[in-house]
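Structure file target28.pdb; described as PDB, C-alpha atoms and all ligand atoms.
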ATOM      1  CA  MET A 159     -61.827  49.939 173.729
ATOM      2  CA  ALA A 160     -59.354  51.553 171.379
ATOM      3  CA  LEU A 161     -59.755  51.877 167.629
ATOM      4  CA  PRO A 162     -57.835  49.116 165.830
ATOM      5  CA  ALA A 163     -54.529  50.295 164.478
ATOM      6  CA  VAL A 164     -54.335  50.545 160.706
ATOM      7  CA  ILE A 165     -51.680  48.080 159.721
ATOM      8  CA  ASN A 166     -51.196  48.831 156.054
ATOM      9  CA  VAL A 167     -52.074  51.914 154.044
ATOM     10  CA  HIS A 168     -49.872  50.651 151.238
ATOM     11  CA  VAL A 169     -49.385  47.112 149.962
ATOM     12  CA  GLU A 170     -45.853  45.748 149.866
ATOM     13  CA  GLU A 171     -46.343  43.915 146.576
ATOM     14  CA  PRO A 172     -47.987  46.113 143.912
ATOM     15  CA  LEU A 173     -51.483  45.091 142.809
ATOM     16  CA  LYS A 174     -52.976  45.476 139.348
ATOM     17  CA  ALA A 175     -55.730  47.930 138.373
ATOM     18  CA  LYS A 176     -58.195  45.023 138.122
ATOM     19  CA  ASP A 177     -57.543  44.198 141.782
ATOM     20  CA  TYR A 178     -59.154  47.531 142.686
ATOM     21  CA  ARG A 179     -62.341  46.731 140.724
ATOM     22  CA  SER A 180     -65.298  44.926 142.287
ATOM     23  CA  ASP A 181     -67.063  42.040 140.535
ATOM     24  CA  ILE A 182     -70.266  44.108 140.155
ATOM     25  CA  THR A 183     -71.005  45.022 136.533
ATOM     26  CA  PRO A 184     -71.505  48.804 136.152
ATOM     27  CA  THR A 185     -75.066  49.799 135.279
ATOM     28  CA  TRP A 186     -74.008  52.967 133.454
ATOM     29  CA  CYS A 187     -75.358  53.441 129.912
ATOM     30  CA  PRO A 188     -73.098  52.199 127.111
ATOM     31  CA  GLY A 189     -70.745  55.036 126.146
ATOM     32  CA  CYS A 190     -71.008  56.893 129.483
ATOM     33  CA  GLY A 191     -67.881  58.968 130.145
ATOM     34  CA  ASP A 192     -67.705  57.686 133.712
ATOM     35  CA  PHE A 193     -66.400  54.285 132.520
ATOM     36  CA  GLY A 194     -63.081  55.953 131.729
ATOM     37  CA  VAL A 195     -62.977  57.534 135.193
ATOM     38  CA  VAL A 196     -63.445  54.284 137.119
ATOM     39  CA  SER A 197     -60.728  52.618 135.008
ATOM     40  CA  SER A 198     -58.293  55.479 135.609
ATOM     41  CA  LEU A 199     -59.052  55.603 139.320
ATOM     42  CA  ALA A 200     -58.431  51.859 139.739
ATOM     43  CA  LYS A 201     -55.155  52.225 137.847
ATOM     44  CA  ALA A 202     -54.172  55.217 140.012
ATOM     45  CA  TYR A 203     -54.926  53.270 143.231
ATOM     46  CA  ALA A 204     -52.594  50.567 141.896
ATOM     47  CA  ASP A 205     -49.939  53.182 141.044
ATOM     48  CA  GLN A 206     -50.215  54.613 144.570
ATOM     49  CA  LYS A 207     -49.926  51.070 145.990
ATOM     50  CA  TYR A 208     -52.960  51.634 148.194
ATOM     51  CA  ASP A 209     -54.136  48.770 150.331
ATOM     52  CA  PRO A 210     -57.741  48.290 149.060
ATOM     53  CA  SER A 211     -59.013  48.081 152.644
ATOM     54  CA  ALA A 212     -57.276  51.340 153.617
ATOM     55  CA  VAL A 213     -58.329  53.723 150.828
ATOM     56  CA  THR A 214     -61.882  55.067 151.197
ATOM     57  CA  THR A 215     -63.906  56.037 148.132
ATOM     58  CA  VAL A 216     -66.859  58.222 149.136
ATOM     59  CA  SER A 217     -69.715  59.262 146.872
ATOM     60  CA  GLY A 218     -73.085  60.988 147.089
ATOM     61  CA  ILE A 219     -76.039  60.112 144.852
ATOM     62  CA  GLY A 220     -76.063  60.340 141.069
ATOM     63  CA  CYS A 221     -75.022  58.199 138.112
ATOM     64  CA  SER A 222     -71.389  59.122 138.795
ATOM     65  CA  SER A 223     -71.799  58.472 142.518
ATOM     66  CA  ARG A 224     -72.305  54.770 141.844
ATOM     67  CA  LEU A 225     -68.567  54.585 141.197
ATOM     68  CA  PRO A 226     -67.540  53.157 144.632
ATOM     69  CA  LEU A 227     -69.778  50.145 143.920
ATOM     70  CA  TRP A 228     -67.572  49.207 140.989
ATOM     71  CA  MET A 229     -64.385  49.578 143.049
ATOM     72  CA  ASN A 230     -62.671  47.206 145.434
ATOM     73  CA  SER A 231     -61.852  49.700 148.183
ATOM     74  CA  PHE A 232     -63.462  50.785 151.413
ATOM     75  CA  GLY A 233     -66.515  52.550 149.986
ATOM     76  CA  ILE A 234     -69.331  54.784 151.191
ATOM     77  CA  HIS A 235     -72.286  55.545 148.878
ATOM     78  CA  SER A 236     -73.741  58.337 151.021
ATOM     79  CA  CYS A 237     -76.468  60.962 150.448
ATOM     80  CA  HIS A 238     -76.929  63.433 147.619
ATOM     81  CA  GLY A 239     -74.780  66.483 148.405
ATOM     82  CA  ARG A 240     -73.263  65.008 151.556
ATOM     83  CA  ALA A 241     -70.277  63.053 150.262
ATOM     84  CA  VAL A 242     -67.841  65.797 151.279
ATOM     85  CA  PRO A 243     -68.968  65.994 154.948
ATOM     86  CA  VAL A 244     -68.885  62.180 155.140
ATOM     87  CA  ALA A 245     -65.350  62.266 153.727
ATOM     88  CA  ILE A 246     -64.349  64.908 156.279
ATOM     89  CA  GLY A 247     -65.543  62.596 159.065
ATOM     90  CA  ALA A 248     -63.676  59.615 157.616
ATOM     91  CA  HIS A 249     -60.531  61.703 157.230
ATOM     92  CA  LEU A 250     -60.589  63.148 160.733
ATOM     93  CA  ALA A 251     -61.280  59.706 162.260
ATOM     94  CA  ARG A 252     -58.394  58.041 160.416
ATOM     95  CA  PRO A 253     -56.137  60.740 158.971
ATOM     96  CA  GLU A 254     -53.556  58.242 157.772
ATOM     97  CA  MET A 255     -56.079  56.599 155.418
ATOM     98  CA  PRO A 256     -56.444  58.134 151.930
ATOM     99  CA  VAL A 257     -59.943  59.526 151.250
ATOM    100  CA  VAL A 258     -61.219  60.078 147.711
ATOM    101  CA  VAL A 259     -64.595  61.664 146.923
ATOM    102  CA  THR A 260     -66.138  60.726 143.546
ATOM    103  CA  ILE A 261     -69.272  62.742 142.753
ATOM    104  CA  GLY A 262     -71.253  64.535 140.059
ATOM    105  CA  ASP A 263     -71.321  68.227 139.192
ATOM    106  CA  GLY A 264     -74.824  68.558 140.662
ATOM    107  CA  ASP A 265     -73.887  66.779 143.862
ATOM    108  CA  CYS A 266     -70.792  68.925 144.377
ATOM    109  CA  PHE A 267     -72.005  72.374 143.348
ATOM    110  CA  ALA A 268     -75.818  72.400 143.749
ATOM    111  CA  ILE A 269     -77.019  70.633 146.908
ATOM    112  CA  GLY A 270     -73.442  70.079 148.133
ATOM    113  CA  GLY A 271     -72.233  73.560 147.244
ATOM    114  CA  GLY A 272     -72.073  74.699 150.863
ATOM    115  CA  HIS A 273     -69.723  71.919 151.884
ATOM    116  CA  ILE A 274     -66.843  71.818 149.439
ATOM    117  CA  MET A 275     -65.220  75.098 150.501
ATOM    118  CA  HIS A 276     -64.552  74.014 154.078
ATOM    119  CA  PRO A 277     -62.127  71.107 153.567
ATOM    120  CA  ALA A 278     -60.586  73.209 150.777
ATOM    121  CA  ARG A 279     -59.927  76.276 152.939
ATOM    122  CA  ARG A 280     -58.631  74.019 155.726
ATOM    123  CA  ASN A 281     -56.392  72.165 153.275
ATOM    124  CA  MET A 282     -57.639  68.799 154.492
ATOM    125  CA  ASN A 283     -55.697  65.948 152.994
ATOM    126  CA  MET A 284     -58.243  64.433 150.581
ATOM    127  CA  THR A 285     -59.073  64.335 146.886
ATOM    128  CA  VAL A 286     -62.380  65.376 145.320
ATOM    129  CA  ILE A 287     -63.032  64.100 141.797
ATOM    130  CA  VAL A 288     -66.059  65.562 140.006
ATOM    131  CA  MET A 289     -67.451  63.789 136.950
ATOM    132  CA  ASP A 290     -68.709  66.865 135.137
ATOM    133  CA  ASN A 291     -71.360  65.958 132.565
ATOM    134  CA  GLY A 292     -73.082  69.347 132.853
ATOM    135  CA  THR A 293     -76.394  67.848 133.936
ATOM    136  CA  PHE A 294     -78.324  66.032 136.660
ATOM    137  CA  ALA A 295     -78.241  62.741 134.767
ATOM    138  CA  LEU A 296     -79.675  60.281 137.290
ATOM    139  CA  THR A 297     -82.870  62.315 137.641
ATOM    140  CA  LYS A 298     -83.181  62.536 133.841
ATOM    141  CA  ASN A 299     -81.609  65.790 132.798
ATOM    142  CA  GLN A 300     -82.256  68.855 134.907
ATOM    143  CA  THR A 301     -79.644  71.569 134.412
ATOM    144  CA  SER A 302     -76.847  71.717 137.006
ATOM    145  CA  PRO A 303     -74.771  74.722 138.185
ATOM    146  CA  LEU A 304     -72.124  73.680 135.633
ATOM    147  CA  SER A 305     -74.574  73.392 132.683
ATOM    148  CA  ARG A 306     -73.846  75.744 129.813
ATOM    149  CA  THR A 307     -76.314  78.518 129.029
ATOM    150  CA  GLY A 308     -78.978  77.350 126.602
ATOM    151  CA  LEU A 309     -78.550  73.636 127.362
ATOM    152  CA  PRO A 310     -81.885  71.837 126.973
ATOM    153  CA  GLY A 311     -83.121  70.162 130.169
ATOM    154  CA  THR A 312     -86.338  68.662 131.462
ATOM    155  CA  LEU A 313     -87.038  71.630 133.757
ATOM    156  CA  ALA A 314     -85.384  74.281 131.562
ATOM    157  CA  SER A 315     -87.312  76.781 129.453
ATOM    158  CA  ASP A 316     -87.904  76.160 125.745
ATOM    159  CA  LEU A 317     -84.822  78.371 125.280
ATOM    160  CA  GLY A 318     -82.828  75.972 127.445
ATOM    161  CA  ASN A 319     -80.835  76.805 130.583
ATOM    162  CA  LEU A 320     -81.161  80.517 131.431
ATOM    163  CA  ASP A 321     -78.209  80.594 133.866
ATOM    164  CA  GLU A 322     -74.508  81.219 133.382
ATOM    165  CA  PRO A 323     -72.467  78.210 134.516
ATOM    166  CA  MET A 324     -70.236  78.447 137.597
ATOM    167  CA  ASN A 325     -66.511  78.083 136.989
ATOM    168  CA  PRO A 326     -65.369  75.185 139.205
ATOM    169  CA  ILE A 327     -61.649  75.839 138.702
ATOM    170  CA  GLU A 328     -61.831  79.513 139.719
ATOM    171  CA  MET A 329     -64.010  78.528 142.630
ATOM    172  CA  MET A 330     -61.719  75.835 143.981
ATOM    173  CA  ILE A 331     -58.661  78.094 143.747
ATOM    174  CA  THR A 332     -60.615  80.816 145.580
ATOM    175  CA  TYR A 333     -61.735  78.374 148.264
ATOM    176  CA  GLY A 334     -58.114  77.475 149.009
ATOM    177  CA  ALA A 335     -57.613  74.070 147.365
ATOM    178  CA  THR A 336     -53.890  73.436 146.911
ATOM    179  CA  TYR A 337     -54.114  71.212 143.813
ATOM    180  CA  VAL A 338     -56.657  72.128 141.123
ATOM    181  CA  ALA A 339     -56.844  70.505 137.687
ATOM    182  CA  GLN A 340     -59.189  69.701 134.840
ATOM    183  CA  THR A 341     -58.999  66.626 132.637
ATOM    184  CA  TYR A 342     -61.098  64.686 130.110
ATOM    185  CA  SER A 343     -62.464  61.180 130.572
ATOM    186  CA  ALA A 344     -61.555  60.029 127.066
ATOM    187  CA  ASN A 345     -57.868  60.870 127.562
ATOM    188  CA  ALA A 346     -56.712  58.052 129.867
ATOM    189  CA  LYS A 347     -53.097  59.224 129.836
ATOM    190  CA  HIS A 348     -53.811  62.783 130.947
ATOM    191  CA  MET A 349     -56.534  61.726 133.383
ATOM    192  CA  GLY A 350     -54.242  59.092 134.936
ATOM    193  CA  LYS A 351     -51.434  61.619 135.386
ATOM    194  CA  VAL A 352     -53.702  64.199 136.989
ATOM    195  CA  ILE A 353     -55.472  61.705 139.300
ATOM    196  CA  ASN A 354     -52.120  60.309 140.434
ATOM    197  CA  GLU A 355     -50.805  63.801 141.174
ATOM    198  CA  ALA A 356     -53.975  64.639 143.100
ATOM    199  CA  LEU A 357     -53.753  61.459 145.186
ATOM    200  CA  ALA A 358     -50.060  62.013 145.930
ATOM    201  CA  HIS A 359     -50.634  65.676 146.842
ATOM    202  CA  GLN A 360     -50.443  66.547 150.539
ATOM    203  CA  GLY A 361     -53.510  68.702 151.077
ATOM    204  CA  PHE A 362     -56.860  69.303 149.395
ATOM    205  CA  SER A 363     -56.851  68.316 145.736
ATOM    206  CA  TYR A 364     -59.671  68.890 143.245
ATOM    207  CA  VAL A 365     -59.979  67.274 139.812
ATOM    208  CA  ASN A 366     -62.746  68.299 137.401
ATOM    209  CA  ILE A 367     -63.248  65.578 134.799
ATOM    210  CA  LEU A 368     -65.184  66.448 131.657
ATOM    211  CA  SER A 369     -67.159  63.209 131.428
ATOM    212  CA  PRO A 370     -69.869  63.228 128.755
ATOM    213  CA  CYS A 371     -73.376  61.871 129.335
ATOM    214  CA  PRO A 372     -74.375  60.666 125.859
ATOM    215  CA  THR A 373     -77.922  59.874 127.020
ATOM    216  CA  TYR A 374     -78.937  63.397 128.090
ATOM    217  CA  ASN A 375     -76.339  66.036 127.269
ATOM    218  CA  LYS A 376     -76.392  66.221 123.476
ATOM    219  CA  VAL A 377     -74.114  69.290 123.347
ATOM    220  CA  ASP A 378     -71.052  68.489 125.504
ATOM    221  CA  THR A 379     -70.361  65.220 123.717
ATOM    222  CA  PHE A 380     -67.194  63.282 122.898
ATOM    223  CA  ALA A 381     -67.519  64.564 119.325
ATOM    224  CA  TYR A 382     -67.663  68.129 120.644
ATOM    225  CA  PHE A 383     -64.682  67.772 122.985
ATOM    226  CA  ARG A 384     -62.369  65.653 120.789
ATOM    227  CA  PRO A 385     -61.149  68.391 118.401
ATOM    228  CA  ARG A 386     -61.164  71.126 121.070
ATOM    229  CA  ILE A 387     -59.339  69.557 124.038
ATOM    230  CA  HIS A 388     -56.155  71.538 124.640
ATOM    231  CA  ASP A 389     -53.484  70.866 127.299
ATOM    232  CA  ILE A 390     -52.517  74.265 128.763
ATOM    233  CA  ASN A 391     -49.396  72.883 130.489
ATOM    234  CA  GLU A 392     -48.091  70.972 127.496
ATOM    235  CA  ALA A 393     -48.672  74.006 125.267
ATOM    236  CA  GLY A 394     -46.471  76.052 127.643
ATOM    237  CA  GLU A 395     -49.327  78.509 128.296
ATOM    238  CA  HIS A 396     -49.454  77.851 132.012
ATOM    239  CA  THR A 397     -46.355  76.568 133.769
ATOM    240  CA  ASP A 398     -45.978  78.691 136.941
ATOM    241  CA  LEU A 399     -48.322  76.414 138.876
ATOM    242  CA  SER A 400     -47.782  77.923 142.347
ATOM    243  CA  ASN A 401     -48.748  81.414 141.100
ATOM    244  CA  ARG A 402     -52.325  81.828 142.320
ATOM    245  CA  ALA A 403     -53.001  85.019 140.349
ATOM    246  CA  ALA A 404     -51.758  83.404 137.123
ATOM    247  CA  ALA A 405     -53.901  80.359 137.862
ATOM    248  CA  MET A 406     -57.007  82.536 138.271
ATOM    249  CA  MET A 407     -56.259  84.382 135.041
ATOM    250  CA  LYS A 408     -55.914  81.092 133.165
ATOM    251  CA  ALA A 409     -59.016  79.627 134.820
ATOM    252  CA  SER A 410     -61.060  82.647 133.702
ATOM    253  CA  GLU A 411     -60.702  81.396 130.108
ATOM    254  CA  LEU A 412     -62.463  78.127 130.940
ATOM    255  CA  TYR A 413     -65.740  78.785 129.163
ATOM    256  CA  GLN A 414     -64.511  80.749 126.161
ATOM    257  CA  HIS A 415     -65.524  77.766 124.048
ATOM    258  CA  HIS A 416     -69.155  78.396 125.018
ATOM    259  CA  HIS A 417     -68.972  81.650 123.047
ATOM    260  CA  SER A 418     -66.793  80.597 120.145
ATOM    261  CA  GLU A 419     -66.754  77.255 118.362
ATOM    262  CA  ASP A 420     -63.082  77.871 117.559
ATOM    263  CA  ALA A 421     -62.021  78.301 121.190
ATOM    264  CA  PRO A 422     -60.262  75.342 122.806
ATOM    265  CA  VAL A 423     -61.532  73.396 125.824
ATOM    266  CA  PRO A 424     -58.650  73.611 128.317
ATOM    267  CA  VAL A 425     -57.350  70.717 130.400
ATOM    268  CA  GLY A 426     -54.333  70.731 132.708
ATOM    269  CA  VAL A 427     -53.102  71.614 136.157
ATOM    270  CA  TYR A 428     -54.056  75.152 137.128
ATOM    271  CA  TYR A 429     -52.710  75.446 140.655
ATOM    272  CA  GLN A 430     -50.405  73.482 142.934
ATOM    273  CA  ALA A 431     -49.012  74.737 146.237
ATOM    274  CA  GLN A 432     -47.572  73.322 149.439
ATOM    275  CA  LYS A 433     -49.252  74.455 152.649
ATOM    276  CA  PRO A 434     -49.667  72.899 156.100
ATOM    277  CA  VAL A 435     -52.403  70.274 156.127
ATOM    278  CA  TYR A 436     -55.280  70.589 158.579
ATOM    279  CA  TYR A 437     -54.527  67.456 160.550
ATOM    280  CA  GLU A 438     -51.135  68.802 161.613
ATOM    281  CA  LYS A 439     -53.009  71.609 163.394
ATOM    282  CA  VAL A 440     -55.426  69.099 164.970
ATOM    283  CA  LYS A 441     -52.430  67.181 166.294
ATOM    284  CA  GLN A 442     -51.044  70.374 167.854
ATOM    285  CA  VAL A 443     -54.362  70.871 169.678
ATOM    286  CA  GLN A 444     -54.369  67.238 170.802
ATOM    287  CA  GLU A 445     -50.843  67.639 172.123
ATOM    288  CA  PHE A 446     -51.753  70.927 173.831
ATOM    289  CA  TYR A 447     -54.560  69.221 175.752
ATOM    290  CA  GLY A 448     -52.538  66.051 176.315
ATOM    291  CA  MET A 449     -55.035  63.942 174.356
ATOM    292  CA  LYS A 450     -54.294  60.331 173.601
ATOM    293  CA  GLU A 451     -54.259  59.090 170.021
ATOM    294  CA  THR A 452     -56.757  56.334 170.803
ATOM    295  CA  ILE A 453     -60.320  56.893 171.925
ATOM    296  CA  ASP A 454     -61.629  55.260 175.071
ATOM    297  CA  TRP A 455     -65.133  54.457 173.742
ATOM    298  CA  ASP A 456     -66.198  52.515 176.873
ATOM    299  CA  ASN A 457     -65.458  55.541 179.010
ATOM    300  CA  ILE A 458     -67.418  57.816 176.647
ATOM    301  CA  PHE A 459     -70.451  55.466 176.551
ATOM    302  CA  ASP A 460     -70.333  55.077 180.362
ATOM    303  CA  ARG A 461     -70.632  58.842 180.761
ATOM    304  CA  TYR A 462     -73.976  58.855 178.937
ATOM    305  CA  LYS A 463     -75.546  55.756 180.549
ATOM    306  CA  PRO A 464     -78.838  56.570 182.287
TER     307      PRO A 464
HETATM  308  C1  LIG B   1     -81.557  65.078 149.193
HETATM  309  C2  LIG B   1     -81.782  64.682 147.758
HETATM  310  N1  LIG B   1     -82.202  65.616 146.884
HETATM  311  C3  LIG B   1     -82.389  65.282 145.588
HETATM  312  C4  LIG B   1     -82.187  63.990 145.188
HETATM  313  C5  LIG B   1     -82.442  63.633 143.757
HETATM  314  N2  LIG B   1     -81.216  63.490 143.005
HETATM  315  C6  LIG B   1     -80.543  62.325 142.964
HETATM  316  S1  LIG B   1     -79.188  62.383 141.988
HETATM  317  C7  LIG B   1     -79.502  64.022 141.607
HETATM  318  C8  LIG B   1     -78.624  64.808 140.674
HETATM  319  C9  LIG B   1     -77.457  64.048 140.163
HETATM  320  O1  LIG B   1     -76.654  64.902 139.375
HETATM  321  P1  LIG B   1     -75.088  64.832 139.482
HETATM  322  O2  LIG B   1     -74.662  64.952 140.882
HETATM  323  O3  LIG B   1     -74.525  65.791 138.515
HETATM  324  O4  LIG B   1     -74.753  63.314 139.067
HETATM  325  P2  LIG B   1     -74.935  62.601 137.649
HETATM  326  O5  LIG B   1     -76.174  61.768 137.778
HETATM  327  O6  LIG B   1     -75.045  63.645 136.608
HETATM  328  O7  LIG B   1     -73.702  61.774 137.520
HETATM  329  C10 LIG B   1     -80.641  64.481 142.257
HETATM  330  C11 LIG B   1     -81.179  65.847 142.142
HETATM  331  C12 LIG B   1     -81.757  63.042 146.144
HETATM  332  N3  LIG B   1     -81.487  61.778 145.820
HETATM  333  N4  LIG B   1     -81.576  63.411 147.414
HETATM  334  S1  LIG B   2     -77.625  58.771 132.082
HETATM  335 FE1  LIG B   2     -75.718  59.715 131.370
HETATM  336  S2  LIG B   2     -74.376  59.901 133.184
HETATM  337 FE2  LIG B   2     -76.046  58.425 133.654
HETATM  338  S3  LIG B   2     -75.162  56.414 133.182
HETATM  339 FE3  LIG B   2     -76.298  57.123 131.377
HETATM  340  S4  LIG B   2     -74.725  58.158 130.101
HETATM  341 FE4  LIG B   2     -73.876  57.978 132.177
HETATM  342 MG    MG B   3     -73.948  65.495 136.519
END
What would you get if you wrote out this structure as structure tokens?
Ligand SMILES: Cc1ncc(C[n+]2csc(CCOP(=O)(O)OP(=O)(O)O)c2C)c(N)n1
Ligand code: SF4
Ligand SMILES: [Mg+2]
Amino acid sequence: MALPAVINVHVEEPLKAKDYRSDITPTWCPGCGDFGVVSSLAKAYADQKYDPSAVTTVSGIGCSSRLPLWMNSFGIHSCHGRAVPVAIGAHLARPEMPVVVTIGDGDCFAIGGGHIMHPARRNMNMTVIVMDNGTFALTKNQTSPLSRTGLPGTLASDLGNLDEPMNPIEMMITYGATYVAQTYSANAKHMGKVINEALAHQGFSYVNILSPCPTYNKVDTFAYFRPRIHDINEAGEHTDLSNRAAAMMKASELYQHHHSEDAPVPVGVYYQAQKPVYYEKVKQVQEFYGMKETIDWDNIFDRYKP
């Protein structure tokens, strides 16, 4: 028994963004930043002309991780912190099918923090989109690795979060991701551009989306971001996108706004480079051992019959 061949990754006739949305009404709180993300993602799937049954949207557990339920695509709502390994499996099984991970900051960098570096360093062809609200929202506001110092949380001290936040942009560049960007969920134009670039990128792409949680995070709000959001590419501050050292320098400024109310909150593309994708190496190994592209499942099951 061979795996069925994928007939269409792309549709011949373009679909509309609404065609990539399911008929399930989102249960997010009114005003949640993630509404903007699901709209932009559906629009980007339409722009990429994905066949809804060929693109796989994988999530973990969290408010943000409900996103695949609101999409009309192949979807996997997996386990907290395990979306990335599930996506790796989906990608390696069907490398021609686009795989998009949509998860929260806690899912990606707390419990899932040991997973994200591996597809990044291998430059696996997939996109990881993190809805960064700076908190564990689904479990009612515990601080996450991306929470700012001092942020109140249900398990934080009376002085708030004691920790320094991790810098996801620096981290993803260090891990080896070949497309790394930050955007803001209330700026549909910028978010749409960045998501489209990430999906079109050959290799591992990472998009950090500042996506406020108005229910729990009363500091990183739309009102806070609106006057501070600053596009580093448009401002001409960061244009040499394949320069890794320059990207790290720029990324190091990410949290300056935590220390000064006047400092901007940067969005933009930090790093973009072309490198061989992992599956090309897998194919070389398959060719070396004379492996067939299809899997003979009956033969494999027969080998393990008692
Ligand atoms: C193995 C496991 N550990 C812990 C939990 C509890 N849990 C569910 S969601 C979550 C955090 C969600 O935070 P984040 O990923 O940032 O998503 P958000 O809800 O903020 O969108 C936690 C700790 C779980 N479901 N499974
Ligand atoms: S708790 Fe926060 S992140 Fe969760 S749905 Fe409500 S606003 Fe969105
Ligand atoms: Mg979160």
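For the choices A:Lys207, A:Lys176, A:Arg224, A:His235, the atom-to-atom distance to ligand LIG 1 (chain B) is smallest for A:Arg224 when using only C-alpha atoms and all ligand atoms.
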Residue neighbourhood region 378-392 of chain A, 12 Å, only C-alpha atoms, exclusion window fewer than 6 positions, as a PyMOL selection string: chain A and resi 189-191+290-293+304-310+339-345+347-349+352+368-372+398-399+405+408-409+411-412+414-416+418-429
Got a sec to check which residues lie within 8 Å of ligand MG 3 (chain B), using only C-alpha atoms and all ligand atoms, and send them as a ChimeraX atom specification? /A:220-222,262-265,289-296,302
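Using only C-alpha atoms and all ligand atoms, the shortest contact distance between ligand LIG 1 (chain B) and any of A:Ser217, A:Asn457, A:Ser315, A:Asn401 is found at A:Ser217.
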List the residues matched by the PyMOL selection byres (((chain A and resi 196-204) around 9) and not hetatm) in the displayed structure as a short mmCIF file (atom, residue, chain, number, x, y, z; two decimals) with C-alpha atoms, in the frame of the given file, ordered by chain and then by residue number.
data_model
loop_
_atom_site.label_atom_id
_atom_site.label_comp_id
_atom_site.auth_asym_id
_atom_site.auth_seq_id
_atom_site.Cartn_x
_atom_site.Cartn_y
_atom_site.Cartn_z
CA PRO A 172 -47.99 46.11 143.91
CA LEU A 173 -51.48 45.09 142.81
CA LYS A 174 -52.98 45.48 139.35
CA ALA A 175 -55.73 47.93 138.37
CA LYS A 176 -58.20 45.02 138.12
CA ASP A 177 -57.54 44.20 141.78
CA TYR A 178 -59.15 47.53 142.69
CA ARG A 179 -62.34 46.73 140.72
CA ASP A 192 -67.70 57.69 133.71
CA PHE A 193 -66.40 54.28 132.52
CA GLY A 194 -63.08 55.95 131.73
CA VAL A 195 -62.98 57.53 135.19
CA ASP A 205 -49.94 53.18 141.04
CA GLN A 206 -50.22 54.61 144.57
CA LYS A 207 -49.93 51.07 145.99
CA TYR A 208 -52.96 51.63 148.19
CA ASP A 209 -54.14 48.77 150.33
CA PRO A 210 -57.74 48.29 149.06
CA VAL A 213 -58.33 53.72 150.83
CA LEU A 225 -68.57 54.58 141.20
CA PRO A 226 -67.54 53.16 144.63
CA TRP A 228 -67.57 49.21 140.99
CA MET A 229 -64.39 49.58 143.05
CA ASN A 230 -62.67 47.21 145.43
CA SER A 343 -62.46 61.18 130.57
CA ALA A 346 -56.71 58.05 129.87
CA LYS A 347 -53.10 59.22 129.84
CA MET A 349 -56.53 61.73 133.38
CA GLY A 350 -54.24 59.09 134.94
CA LYS A 351 -51.43 61.62 135.39
CA ILE A 353 -55.47 61.70 139.30
CA ASN A 354 -52.12 60.31 140.43
CA LEU A 357 -53.75 61.46 145.19
#
